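Data block for query_13.cif (mmCIF, C-alpha atoms):
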data_input
#
loop_
_atom_site.label_atom_id
_atom_site.label_comp_id
_atom_site.auth_asym_id
_atom_site.auth_seq_id
_atom_site.Cartn_x
_atom_site.Cartn_y
_atom_site.Cartn_z
CA MET A 1 -59.56 37.54 278.12
CA SER A 2 -60.87 34.47 276.28
CA GLU A 3 -58.53 31.90 274.79
CA ILE A 4 -59.88 32.67 271.31
CA GLN A 5 -59.30 36.39 271.73
CA GLN A 6 -55.74 35.78 272.92
CA GLU A 7 -55.05 33.45 269.99
CA TRP A 8 -56.08 36.13 267.52
CA LEU A 9 -54.00 38.77 269.21
CA GLU A 10 -50.96 36.54 268.99
CA SER A 11 -51.53 35.72 265.32
CA GLY A 12 -51.87 39.40 264.44
CA GLU A 13 -55.08 38.99 262.48
CA THR A 14 -56.68 42.16 263.84
CA ASP A 15 -53.73 44.34 262.83
CA GLU A 16 -54.65 44.22 259.17
CA THR A 17 -56.99 46.77 257.62
CA ASP A 18 -60.03 45.95 255.56
CA GLU A 19 -59.50 46.11 251.86
CA ASN A 20 -60.71 48.97 249.69
CA LEU A 21 -63.88 47.67 248.09
CA GLY A 22 -63.71 50.11 245.20
CA GLN A 23 -65.93 52.96 244.11
CA ILE A 24 -69.28 53.12 245.88
CA ASP A 25 -72.31 53.88 243.74
CA GLU A 26 -73.94 57.23 244.35
CA TYR A 27 -76.98 57.22 246.60
CA ASP A 28 -80.02 59.46 246.68
CA LEU A 29 -80.95 59.71 250.35
CA THR A 30 -83.26 61.87 252.39
CA SER A 31 -82.48 62.63 256.02
CA SER A 32 -84.68 64.38 258.54
CA PRO A 33 -83.68 65.39 262.08
CA ASN A 34 -86.19 64.68 264.84
CA ASP A 35 -85.84 65.57 268.51
CA PHE A 36 -87.59 62.68 270.25
CA ASN A 37 -87.91 62.73 274.01
CA VAL A 38 -86.72 59.81 276.10
CA LYS A 39 -90.18 58.41 276.77
CA THR A 40 -91.02 58.43 273.07
CA ILE A 41 -87.79 56.62 272.30
CA TYR A 42 -88.66 54.00 274.90
CA ASP A 43 -92.13 53.52 273.40
CA PHE A 44 -90.65 53.11 269.91
CA ILE A 45 -88.32 50.35 271.13
CA ASP A 46 -90.94 48.63 273.27
CA SER A 47 -93.44 48.56 270.41
CA GLY A 48 -90.91 47.08 267.98
CA ALA A 49 -90.96 50.15 265.72
CA VAL A 50 -87.22 50.62 266.31
CA LYS A 51 -85.26 47.43 265.65
CA ILE A 52 -81.66 46.37 266.17
CA PRO A 53 -80.60 44.86 262.80
CA GLY A 54 -78.64 41.64 262.56
CA PHE A 55 -75.39 43.32 261.53
CA GLN A 56 -75.23 45.29 264.78
CA ARG A 57 -72.98 44.00 267.54
CA ASN A 58 -74.32 42.99 270.94
CA TYR A 59 -74.93 45.34 273.86
CA VAL A 60 -71.47 45.81 275.39
CA TRP A 61 -71.69 48.70 277.85
CA ASP A 62 -71.06 48.06 281.54
CA ILE A 63 -73.38 49.55 284.13
CA ARG A 64 -71.04 52.43 285.01
CA ARG A 65 -70.91 53.68 281.43
CA ALA A 66 -74.67 53.22 281.10
CA SER A 67 -75.19 55.13 284.35
CA LYS A 68 -73.19 58.09 283.04
CA LEU A 69 -75.46 58.34 280.01
CA ILE A 70 -78.56 58.30 282.20
CA GLU A 71 -77.03 60.94 284.49
CA SER A 72 -76.26 63.14 281.46
CA LEU A 73 -79.88 62.98 280.39
CA ILE A 74 -81.19 63.71 283.90
CA ILE A 75 -79.08 66.82 284.34
CA GLY A 76 -79.58 68.04 280.78
CA LEU A 77 -76.18 67.47 279.20
CA PRO A 78 -76.28 66.82 275.42
CA VAL A 79 -75.67 63.30 274.17
CA PRO A 80 -74.61 62.24 270.66
CA GLN A 81 -77.28 61.98 268.00
CA VAL A 82 -78.74 58.69 266.82
CA PHE A 83 -79.06 57.52 263.20
CA LEU A 84 -82.11 55.48 262.18
CA TYR A 85 -82.84 53.95 258.78
CA GLU A 86 -86.47 54.03 257.66
CA GLU A 87 -87.20 50.67 256.07
CA GLY A 88 -90.97 51.11 256.03
CA ARG A 89 -93.87 52.87 257.69
CA ASN A 90 -93.28 52.92 261.47
CA SER A 91 -90.30 50.63 261.01
CA PHE A 92 -86.76 51.85 261.71
CA LEU A 93 -83.38 50.12 261.91
CA VAL A 94 -80.67 51.46 264.20
CA ILE A 95 -77.60 52.48 262.19
CA ASP A 96 -75.75 54.21 265.00
CA GLY A 97 -76.71 54.59 268.66
CA GLN A 98 -77.73 51.09 269.75
CA GLN A 99 -75.86 51.26 273.07
CA ARG A 100 -77.53 54.58 273.98
CA LEU A 101 -81.01 53.50 272.93
CA MET A 102 -80.89 50.15 274.72
CA THR A 103 -79.46 51.80 277.84
CA ILE A 104 -82.52 54.08 277.96
CA TYR A 105 -84.84 51.12 277.42
CA TYR A 106 -83.18 49.03 280.13
CA PHE A 107 -83.16 51.91 282.62
CA ILE A 108 -86.87 52.62 282.25
CA ARG A 109 -87.59 48.91 282.61
CA GLY A 110 -85.38 48.90 285.70
CA ARG A 111 -83.29 45.97 284.50
CA PHE A 112 -79.68 45.63 283.32
CA PRO A 113 -78.58 42.63 281.20
CA ARG A 114 -76.13 40.16 282.65
CA ARG A 115 -73.02 40.02 280.51
CA ASP A 116 -73.10 36.25 280.03
CA LYS A 117 -76.71 36.39 278.80
CA ARG A 118 -76.46 39.23 276.29
CA VAL A 119 -76.11 37.07 273.20
CA GLU A 120 -79.17 35.08 274.24
CA ILE A 121 -81.09 38.29 275.03
CA ARG A 122 -80.16 39.61 271.59
CA ARG A 123 -81.44 36.42 269.97
CA ILE A 124 -84.75 36.74 271.82
CA LEU A 125 -85.03 40.41 270.86
CA SER A 126 -84.44 39.55 267.21
CA GLN A 127 -87.00 36.74 267.21
CA GLU A 128 -89.70 38.39 269.29
CA GLY A 129 -89.21 42.02 268.23
CA ARG A 130 -89.11 42.91 271.92
CA ILE A 131 -87.91 41.37 275.18
CA PRO A 132 -90.79 39.51 276.87
CA ASP A 133 -91.64 40.55 280.42
CA ALA A 134 -90.89 37.04 281.65
CA ILE A 135 -87.29 37.36 280.43
CA LEU A 136 -86.89 40.89 281.80
CA GLU A 137 -88.06 39.73 285.21
CA ASP A 138 -85.83 36.64 285.19
CA ASN A 139 -82.79 37.20 287.43
CA GLU A 140 -80.80 34.73 285.35
CA TYR A 141 -80.92 37.24 282.50
CA PHE A 142 -81.08 40.62 284.24
CA ASP A 143 -80.00 42.46 287.38
CA ASN A 144 -81.76 45.49 288.78
CA PHE A 145 -80.66 48.72 287.09
CA ASN A 146 -79.60 50.98 289.94
CA LEU A 147 -77.29 53.79 288.88
CA GLN A 148 -73.63 53.33 289.76
CA LEU A 149 -72.04 56.78 289.84
CA SER A 150 -68.76 57.83 291.41
CA GLU A 151 -68.39 60.58 293.98
CA ILE A 152 -68.37 64.10 292.56
CA SER A 153 -65.31 64.78 294.72
CA PRO A 154 -63.91 63.14 297.86
CA GLY A 155 -66.65 63.13 300.46
CA ARG A 156 -69.28 64.45 298.02
CA PRO A 157 -71.45 61.53 296.85
CA ASN A 158 -73.45 61.81 293.65
CA LYS A 159 -77.08 62.33 294.64
CA PHE A 160 -78.26 60.06 291.81
CA ASN A 161 -76.05 57.13 292.84
CA LYS A 162 -78.04 53.92 293.51
CA LEU A 163 -81.29 55.46 292.26
CA ASN A 164 -83.38 53.73 289.61
CA TYR A 165 -86.06 54.97 287.24
CA HIS A 166 -88.83 54.60 289.81
CA THR A 167 -86.93 56.37 292.59
CA LEU A 168 -85.96 59.45 290.56
CA ASP A 169 -88.98 61.20 292.07
CA ASP A 170 -89.12 64.80 290.83
CA HIS A 171 -86.33 64.12 288.33
CA GLN A 172 -88.27 61.38 286.52
CA LEU A 173 -90.40 63.82 284.52
CA GLN A 174 -87.42 65.88 283.38
CA PHE A 175 -85.65 62.66 282.40
CA ASN A 176 -88.69 61.54 280.37
CA LEU A 177 -88.83 64.87 278.55
CA ARG A 178 -85.14 65.14 277.66
CA THR A 179 -84.68 65.00 273.90
CA ILE A 180 -82.14 63.22 271.74
CA ARG A 181 -81.59 64.17 268.12
CA ASN A 182 -82.58 61.27 265.85
CA VAL A 183 -81.56 61.55 262.20
CA ILE A 184 -83.89 59.41 260.13
CA VAL A 185 -82.43 58.34 256.79
CA LYS A 186 -84.40 56.94 253.87
CA GLN A 187 -82.94 55.67 250.61
CA VAL A 188 -84.65 56.95 247.47
CA ARG A 189 -82.25 55.61 244.85
CA PRO A 190 -81.45 52.89 244.03
CA SER A 191 -84.95 51.88 245.09
CA ASN A 192 -84.34 48.13 244.99
CA ASP A 193 -81.11 48.14 246.99
CA ASP A 194 -80.74 49.06 250.65
CA SER A 195 -76.94 48.75 250.65
CA SER A 196 -76.58 52.32 251.89
CA ILE A 197 -77.47 51.22 255.42
CA TYR A 198 -74.39 48.98 255.60
CA GLU A 199 -72.14 51.62 254.07
CA MET A 200 -73.38 54.22 256.58
CA PHE A 201 -72.95 51.81 259.47
CA ASN A 202 -69.41 51.03 258.40
CA ARG A 203 -68.39 54.67 258.00
CA LEU A 204 -69.98 55.75 261.28
CA ASN A 205 -68.31 52.95 263.23
CA THR A 206 -64.80 52.66 261.80
CA GLY A 207 -63.46 55.97 263.05
CA GLY A 208 -62.39 54.47 266.38
CA ILE A 209 -60.99 51.16 267.56
CA LEU A 210 -64.07 49.71 269.22
CA LEU A 211 -65.18 47.34 266.46
CA THR A 212 -63.35 44.13 265.56
CA PRO A 213 -62.76 43.26 261.89
CA GLN A 214 -65.55 40.68 262.15
CA GLU A 215 -68.02 43.27 263.47
CA ILE A 216 -67.24 45.53 260.53
CA ARG A 217 -67.34 42.57 258.12
CA SER A 218 -70.74 41.55 259.44
CA SER A 219 -72.08 45.02 258.74
CA LEU A 220 -70.74 45.29 255.21
CA TYR A 221 -71.75 41.80 254.08
CA HIS A 222 -74.84 41.03 256.12
CA SER A 223 -76.78 38.27 254.36
CA LYS A 224 -78.58 34.97 254.90
CA PHE A 225 -75.14 33.39 255.10
CA TYR A 226 -74.34 35.56 258.11
CA ASP A 227 -77.70 34.70 259.66
CA ALA A 228 -76.69 31.04 259.32
CA LEU A 229 -73.30 31.76 260.93
CA ALA A 230 -75.09 33.35 263.88
CA ARG A 231 -77.25 30.22 264.30
CA ILE A 232 -74.30 27.85 264.07
CA ASN A 233 -72.35 29.97 266.54
CA LEU A 234 -74.93 29.19 269.23
CA ASP A 235 -74.90 25.43 268.54
CA PRO A 236 -74.05 23.57 271.80
CA ARG A 237 -71.58 21.31 269.96
CA TRP A 238 -69.64 24.35 268.75
CA ARG A 239 -69.72 25.97 272.19
CA ARG A 240 -68.34 22.76 273.72
CA LEU A 241 -65.45 22.65 271.24
CA LEU A 242 -64.53 26.23 272.12
CA ALA A 243 -65.12 25.58 275.83
CA GLN A 244 -67.04 28.85 275.90
CA PRO A 245 -70.70 28.49 276.90
CA ASP A 246 -71.51 32.03 275.81
CA ALA A 247 -70.92 33.65 272.44
CA ASP A 248 -68.23 36.31 272.21
CA LEU A 249 -69.71 39.81 272.34
CA HIS A 250 -67.33 40.98 269.62
CA MET A 251 -67.99 38.06 267.22
CA ARG A 252 -64.50 36.58 267.37
CA ASP A 253 -66.01 33.09 267.55
CA VAL A 254 -68.04 33.88 264.41
CA GLU A 255 -64.76 34.73 262.68
CA VAL A 256 -63.33 31.33 263.62
CA LEU A 257 -66.32 29.65 261.98
CA LEU A 258 -66.04 31.91 258.95
CA ARG A 259 -62.37 31.03 258.54
CA GLY A 260 -63.11 27.32 258.66
CA ILE A 261 -65.84 27.55 256.04
CA ALA A 262 -63.89 29.96 253.81
CA ILE A 263 -60.77 27.74 253.85
CA TRP A 264 -62.96 24.70 253.10
CA LYS A 265 -64.63 26.35 250.10
CA ASN A 266 -61.83 28.58 248.74
CA GLY A 267 -58.65 27.39 250.42
CA GLU A 268 -57.10 26.25 247.14
CA THR A 269 -57.20 29.83 245.84
CA TYR A 270 -56.20 31.49 249.11
CA SER A 271 -53.95 34.54 249.00
CA PRO A 272 -53.14 37.01 251.79
CA SER A 273 -54.16 38.89 253.69
CA MET A 274 -56.55 36.75 255.75
CA VAL A 275 -58.71 39.82 256.39
CA LYS A 276 -59.04 40.48 252.66
CA PHE A 277 -59.65 36.79 251.96
CA LEU A 278 -62.48 36.68 254.50
CA ASN A 279 -63.92 39.93 253.13
CA ARG A 280 -63.96 38.53 249.59
CA PHE A 281 -65.55 35.29 250.73
CA SER A 282 -68.18 37.14 252.78
CA LYS A 283 -69.07 39.29 249.78
CA GLU A 284 -69.43 36.22 247.54
CA ALA A 285 -71.44 34.35 250.19
CA GLY A 286 -74.09 37.05 250.06
CA LYS A 287 -74.99 35.79 246.57
CA LEU A 288 -75.48 32.13 247.54
CA ASP A 289 -78.87 30.61 246.73
CA GLU A 290 -80.95 28.71 249.28
CA LYS A 291 -79.92 25.31 247.95
CA THR A 292 -76.23 26.08 248.37
CA MET A 293 -76.87 27.54 251.82
CA ASP A 294 -78.69 24.36 252.86
CA GLU A 295 -75.79 22.26 251.58
CA ILE A 296 -73.28 24.30 253.57
CA GLU A 297 -75.31 24.04 256.77
CA THR A 298 -75.71 20.27 256.25
CA VAL A 299 -71.95 19.79 255.90
CA VAL A 300 -71.20 22.00 258.91
CA ASP A 301 -73.71 19.96 260.93
CA LYS A 302 -71.85 16.76 259.99
CA VAL A 303 -68.50 18.29 260.92
CA LEU A 304 -69.80 19.39 264.33
CA ASN A 305 -71.23 15.91 264.89
CA ALA A 306 -67.87 14.38 264.00
CA LEU A 307 -66.00 16.69 266.38
CA ASP A 308 -68.48 16.40 269.24
CA GLY A 309 -67.19 14.15 271.98
CA LEU A 310 -63.63 13.97 270.65
CA PRO A 311 -60.80 15.12 272.95
CA ARG A 312 -60.13 18.88 272.81
CA ALA A 313 -56.41 18.41 273.49
CA PRO A 314 -55.33 18.39 269.81
CA PHE A 315 -57.06 21.75 269.30
CA LEU A 316 -55.05 23.42 272.06
CA THR A 317 -51.58 24.93 271.91
CA LYS A 318 -48.91 24.18 274.49
CA GLN A 319 -50.19 27.28 276.29
CA GLN A 320 -53.67 25.68 276.34
CA ARG A 321 -55.12 28.23 273.93
CA PHE A 322 -57.46 27.35 271.10
CA SER A 323 -55.41 26.77 267.94
CA LEU A 324 -57.07 28.57 265.07
CA PRO A 325 -54.64 27.19 262.40
CA PHE A 326 -55.28 23.64 263.59
CA PHE A 327 -59.05 24.09 263.67
CA GLU A 328 -59.32 25.58 260.19
CA ALA A 329 -57.23 22.79 258.65
CA VAL A 330 -59.20 20.02 260.36
CA PHE A 331 -62.51 21.69 259.57
CA ALA A 332 -61.64 22.13 255.89
CA VAL A 333 -60.53 18.51 255.43
CA ALA A 334 -63.56 17.12 257.27
CA ALA A 335 -65.97 19.36 255.35
CA LYS A 336 -64.53 18.24 252.01
CA LYS A 337 -64.94 14.61 253.02
CA PHE A 338 -68.55 15.03 254.07
CA GLU A 339 -69.30 17.18 251.02
CA SER A 340 -68.10 14.35 248.76
CA GLY A 341 -70.47 11.91 250.44
CA GLU A 342 -67.73 9.51 251.48
CA ALA A 343 -68.23 7.27 254.48
CA TRP A 344 -65.59 8.68 256.80
CA THR A 345 -64.92 9.04 260.50
CA LEU A 346 -62.81 11.68 262.22
CA ASP A 347 -60.29 9.65 264.18
CA ALA A 348 -59.08 10.91 267.58
CA GLU A 349 -55.67 9.23 267.25
CA LEU A 350 -55.09 10.76 263.83
CA LEU A 351 -56.11 14.19 265.17
CA GLN A 352 -53.44 13.88 267.85
CA GLU A 353 -50.93 12.65 265.28
CA LEU A 354 -51.63 15.75 263.20
CA ALA A 355 -51.26 18.02 266.21
CA ASP A 356 -47.92 16.39 267.08
CA SER A 357 -46.62 16.50 263.51
CA GLU A 358 -43.43 18.56 263.29
CA GLU A 359 -44.22 19.30 259.64
CA PHE A 360 -47.65 20.67 260.55
CA GLN A 361 -46.24 22.64 263.47
CA GLY A 362 -43.71 24.20 261.14
CA PHE A 363 -46.57 25.82 259.27
CA THR A 364 -48.04 27.29 262.46
CA GLN A 365 -45.04 28.99 264.07
CA GLU A 366 -44.65 32.23 262.08
CA GLN A 367 -46.48 34.02 259.29
CA THR A 368 -49.42 31.68 259.78
CA THR A 369 -51.55 33.41 257.14
CA ASN A 370 -49.13 33.51 254.21
CA THR A 371 -50.10 31.35 251.24
CA SER A 372 -47.48 28.61 251.64
CA HIS A 373 -48.29 28.08 255.32
CA VAL A 374 -52.08 28.00 254.87
CA LYS A 375 -51.80 25.52 251.98
CA GLY A 376 -49.03 23.61 253.76
CA ARG A 377 -51.30 23.00 256.75
CA LEU A 378 -54.10 21.83 254.47
CA ASN A 379 -51.82 19.41 252.63
CA VAL A 380 -50.48 17.84 255.83
CA ALA A 381 -53.98 17.62 257.35
CA GLU A 382 -55.34 15.91 254.24
CA ARG A 383 -52.48 13.43 254.17
CA VAL A 384 -52.88 12.47 257.84
CA LEU A 385 -56.64 12.55 258.25
CA ASN A 386 -57.38 10.80 254.95
CA ARG A 387 -56.02 7.61 256.54
CA ALA A 388 -59.20 7.47 258.64
CA ARG A 389 -61.55 4.65 257.68
CA GLY A 390 -65.25 4.90 256.94
#

When written as structure tokens, how does the structure in this file appear?
Amino acid sequence: MSEIQQEWLESGETDETDENLGQIDEYDLTSSPNDFNVKTIYDFIDSGAVKIPGFQRNYVWDIRRASKLIESLIIGLPVPQVFLYEEGRNSFLVIDGQQRLMTIYYFIRGRFPRRDKRVEIRRILSQEGRIPDAILEDNEYFDNFNLQLSEISPGRPNKFNKLNYHTLDDHQLQFNLRTIRNVIVKQVRPSNDDSSIYEMFNRLNTGGILLTPQEIRSSLYHSKFYDALARINLDPRWRRLLAQPDADLHMRDVEVLLRGIAIWKNGETYSPSMVKFLNRFSKEAGKLDEKTMDEIETVVDKVLNALDGLPRAPFLTKQQRFSLPFFEAVFAVAAKKFESGEAWTLDAELLQELADSEEFQGFTQEQTTNTSHVKGRLNVAERVLNRARG
């Protein structure tokens, strides 16, 4: 478990539910069921006709779960239907079923993505529209996709275990011809608003406990702001501060960034819960114009430059976990300084002084997201860090 993930679990942030966003406008949608066979589905993905939209999470299945899906298709067991959103002619976005679709694609290509490369693979897929052969063949990104299936019973091995697409022999054709129900949805009204795709994604994916609040938030409020967050999240300076070379598959690191920016911009009007606060900010951020977006990215760039190379010790708790309350306070103060245009340097000694401050620590012990503690941390951080010289 990552240090960021553990920090969130301890602070209880994921226990809160997303706020009710109010009455949803009525939609006029058409939906048509299509039974596509496996080979057709593969061709759609390979050609770029079926896309994985930005609000979708990363591929998270392990090879055993992926192998069970492939086995189900080979032997003819039904698998859950897939929902696609028709955004244009021969252009479809995956609303629900990404893990199944990409498992089929990877199996036919004979390659399975390494866990530590999945964020990078996703970035390449988004930019290129497909995964280039050179990347698929690169062992730094992919392993061979040989099925990993448990014994049927003690002493009775599964006959498909360790097989791959090319060694299925007589079973390859039946695998190719297996069909999966694809429900294709198209929005008729309102014609100038495709918000229904996010609402459908949210409702299809919030019935269980698999998605983090940030994954749901990213679906509901996907925008250019969230595209910028995704870029910043891969910045080497940010990865060094977190001490995590690879992005978190469940977007917890994106939530840390979001909290820093939201506290910087709206901290003075903060009110609980943190989940609702971040939801409101995300919704508002979707309306930002390009000039404002550029200004935000410029300030974040300056903050990351200021933090880069400084000791990480002040950002860690006594248990050596990343301190989210400390980060958001430091980030907010630094961002305000750079936003004002002042000549200012983030001082390592003052950072440590802030981390050691009993007053600051008092605002991080319990109820870290109530109003008085969030604002208390900001006030102490401003008082200490403002002593830094330009």

Which of A:Lys287, A:Ala332, A:Ser126, A:Asp253 sits closest to Lys265 in chain A [using only C-alpha atoms]: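 Between A:Lys287, A:Ala332, A:Ser126, A:Asp253, the residue approaching Lys265 in chain A most closely is A:Ala332.
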
CA of Leu304 in chain A to CA of Asn233 in chain A, distance in Å rounded to a single decimal: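 If I compute the distance from CA of Leu304 in chain A to CA of Asn233 in chain A, I get 11.1 Å.
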
Residue nearest Tyr270 in chain A - candidates A:Glu71, A:Arg130, A:Val374, A:Gly341, atoms counted: all atoms listed in the file: A:Val374

Residues in the PyMOL selection byres ((chain A and resi 83-94) around 8), expressed as a list in words: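 Taken on the displayed file, the PyMOL selection byres ((chain A and resi 83-94) around 8) yields the residues Gly48, Ala49, Val50, Lys51, Ile52, Pro53, Gln81, Val82, Ile95, Asp96, Gly97, Gln98, Asn182, Val183, Ile184, Val185, Lys186 and Ile197 of chain A.
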
What are the closest atom pairs, with distances in Å to one decimal, for each residue of range 332-363 of chain A lying within 9 Å of range 314-323 of chain A, using all atoms listed in the file, rows by chain and rising residue number, as JSON lines?
{"residue": "A:Ala348", "atom": "CA", "partner": "A:Pro314", "partner_atom": "CA", "distance": 8.7}
{"residue": "A:Leu351", "atom": "CA", "partner": "A:Pro314", "partner_atom": "CA", "distance": 6.3}
{"residue": "A:Gln352", "atom": "CA", "partner": "A:Pro314", "partner_atom": "CA", "distance": 5.3}
{"residue": "A:Glu353", "atom": "CA", "partner": "A:Pro314", "partner_atom": "CA", "distance": 8.5}
{"residue": "A:Leu354", "atom": "CA", "partner": "A:Pro314", "partner_atom": "CA", "distance": 8.0}
{"residue": "A:Ala355", "atom": "CA", "partner": "A:Pro314", "partner_atom": "CA", "distance": 5.4}
{"residue": "A:Asp356", "atom": "CA", "partner": "A:Pro314", "partner_atom": "CA", "distance": 8.1}

Output C-alpha atoms of each residue in that selection to a file, as an mmCIF file, keeping the file's coordinate frame.
data_model
loop_
_atom_site.group_PDB
_atom_site.id
_atom_site.type_symbol
_atom_site.label_atom_id
_atom_site.label_comp_id
_atom_site.auth_asym_id
_atom_site.auth_seq_id
_atom_site.Cartn_x
_atom_site.Cartn_y
_atom_site.Cartn_z
ATOM 1 C CA ALA A 348 -59.080 10.910 267.580
ATOM 2 C CA LEU A 351 -56.110 14.190 265.170
ATOM 3 C CA GLN A 352 -53.440 13.880 267.850
ATOM 4 C CA GLU A 353 -50.930 12.650 265.280
ATOM 5 C CA LEU A 354 -51.630 15.750 263.200
ATOM 6 C CA ALA A 355 -51.260 18.020 266.210
ATOM 7 C CA ASP A 356 -47.920 16.390 267.080
#

Box dimensions and centre (Å, one decimal) enclosing range 122-139 of chain A, axis-aligned, 3 Å extra per side, as AutoDock Vina command-line options:
--center_x -85.9 --center_y 39.7 --center_z 277.3 --size_x 17.5 --size_y 12.5 --size_z 26.2

Atomic distance CA of Phe142 in chain A - CA of Arg114 in chain A, expressed in Å with one decimal: 5.2 Å

Nearest candidate to Ile75 in chain A (options A:Lys283, A:Arg115, A:Arg123, A:His171; using all atoms listed in the file):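 Among the listed residues, A:His171 lies closest to Ile75 in chain A.
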
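Straight-line separation from CA of Asn370 in chain A to CA of Met251 in chain A: 23.4 Å.
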
Residues selected by the PyMOL selection byres ((chain A and resi 259) around 10), written as number ranges by chain: A: 253-258, 260-265, 267, 274-275, 277-278, 281, 324-325, 327-329, 331-332

From A:Pro154, A:Leu168, A:Thr103, A:Ala335, residue lying nearest Glu297 in chain A [only C-alpha atoms]: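 Closest candidate: A:Ala335.
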
8 Å contact set for Lys162 in chain A, only C-alpha atoms, chain neighbours under 4 positions out, as a ChimeraX atom specification: /A:146-149

Go ahead and save the picked residues with C-alpha atoms, as a CSV table (one decimal), in the frame of the given file.
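Written file, part.csv:
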chain,number,residue,atom,x,y,z
A,146,ASN,CA,-79.6,51.0,289.9
A,147,LEU,CA,-77.3,53.8,288.9
A,148,GLN,CA,-73.6,53.3,289.8
A,149,LEU,CA,-72.0,56.8,289.8

Ref. answer, residues at most 9 Å from (-88.0, 62.7, 275.1) with only C-alpha atoms, as a list of chain:residue names: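 Nearby residues: A:Asp35, A:Phe36, A:Asn37, A:Val38, A:Lys39, A:Thr40, A:Ile41, A:Tyr42, A:Gln174, A:Phe175, A:Asn176, A:Leu177, A:Arg178, A:Thr179, A:Ile180.
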
Keeping only C-alpha atoms, take the residues you just selected and write them out as a PDB file, keeping the file's coordinate frame.
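Written output follows (selection32.pdb):
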ATOM      1  CA  ASP A  35     -85.840  65.570 268.510  1.00  0.00           C
ATOM      2  CA  PHE A  36     -87.590  62.680 270.250  1.00  0.00           C
ATOM      3  CA  ASN A  37     -87.910  62.730 274.010  1.00  0.00           C
ATOM      4  CA  VAL A  38     -86.720  59.810 276.100  1.00  0.00           C
ATOM      5  CA  LYS A  39     -90.180  58.410 276.770  1.00  0.00           C
ATOM      6  CA  THR A  40     -91.020  58.430 273.070  1.00  0.00           C
ATOM      7  CA  ILE A  41     -87.790  56.620 272.300  1.00  0.00           C
ATOM      8  CA  TYR A  42     -88.660  54.000 274.900  1.00  0.00           C
ATOM      9  CA  GLN A 174     -87.420  65.880 283.380  1.00  0.00           C
ATOM     10  CA  PHE A 175     -85.650  62.660 282.400  1.00  0.00           C
ATOM     11  CA  ASN A 176     -88.690  61.540 280.370  1.00  0.00           C
ATOM     12  CA  LEU A 177     -88.830  64.870 278.550  1.00  0.00           C
ATOM     13  CA  ARG A 178     -85.140  65.140 277.660  1.00  0.00           C
ATOM     14  CA  THR A 179     -84.680  65.000 273.900  1.00  0.00           C
ATOM     15  CA  ILE A 180     -82.140  63.220 271.740  1.00  0.00           C
TER      16      ILE A 180
END

Point (-74.8, 33.4, 264.6), cut-off 12 Å, counting all atoms listed in the file, residues as a ChimeraX atom specification: /A:54-58,119-120,122-123,126,218,222-235,238-239,246-258

Glu295 in chain A surroundings by all atoms listed in the file, 12 Å radius, close-in-sequence under 3 positions cut, as a ChimeraX atom specification: /A:225,228,265,288-292,298-302,335-336,338-341

Residue contacts of range 360-366 of chain A (9 Å, only C-alpha atoms) excluding same-chain residues fewer than 6 positions away, as a list in words: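 Here the answer would be Ser11, Pro325, Phe326, Leu354, Ser372, His373, Val374, Lys375, Gly376, Arg377, Leu378, Val380 and Ala381 of chain A.
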
Neighbour list for Ile131 in chain A as number ranges by chain, cut-off 12 Å, all atoms listed in the file, skip fewer than 2 positions in-chain: A: 45-48, 51, 102, 105-106, 109, 111, 113, 118, 120-129, 133-138, 141-142

Pick from A:Ser357, A:Thr345, A:Gln367, A:Gln187 nearest to Pro272 in chain A, counting all atoms listed in the file: A:Gln367

Given the file shown, enumerate the residues that the PyMOL selection byres ((chain A and resi 160) around 12) captures and present them as a short mmCIF file (atom, residue, chain, number, x, y, z; two decimals) with C-alpha atoms, in the coordinates of the input.
data_model
loop_
_atom_site.label_atom_id
_atom_site.label_comp_id
_atom_site.auth_asym_id
_atom_site.auth_seq_id
_atom_site.Cartn_x
_atom_site.Cartn_y
_atom_site.Cartn_z
CA SER A 67 -75.19 55.13 284.35
CA LYS A 68 -73.19 58.09 283.04
CA ILE A 70 -78.56 58.30 282.20
CA GLU A 71 -77.03 60.94 284.49
CA SER A 72 -76.26 63.14 281.46
CA LEU A 73 -79.88 62.98 280.39
CA ILE A 74 -81.19 63.71 283.90
CA ILE A 75 -79.08 66.82 284.34
CA ASN A 146 -79.60 50.98 289.94
CA LEU A 147 -77.29 53.79 288.88
CA GLN A 148 -73.63 53.33 289.76
CA LEU A 149 -72.04 56.78 289.84
CA SER A 150 -68.76 57.83 291.41
CA GLU A 151 -68.39 60.58 293.98
CA ILE A 152 -68.37 64.10 292.56
CA ARG A 156 -69.28 64.45 298.02
CA PRO A 157 -71.45 61.53 296.85
CA ASN A 158 -73.45 61.81 293.65
CA LYS A 159 -77.08 62.33 294.64
CA ASN A 161 -76.05 57.13 292.84
CA LYS A 162 -78.04 53.92 293.51
CA LEU A 163 -81.29 55.46 292.26
CA ASN A 164 -83.38 53.73 289.61
CA TYR A 165 -86.06 54.97 287.24
CA THR A 167 -86.93 56.37 292.59
CA LEU A 168 -85.96 59.45 290.56
CA ASP A 169 -88.98 61.20 292.07
CA ASP A 170 -89.12 64.80 290.83
CA HIS A 171 -86.33 64.12 288.33
CA GLN A 172 -88.27 61.38 286.52
#
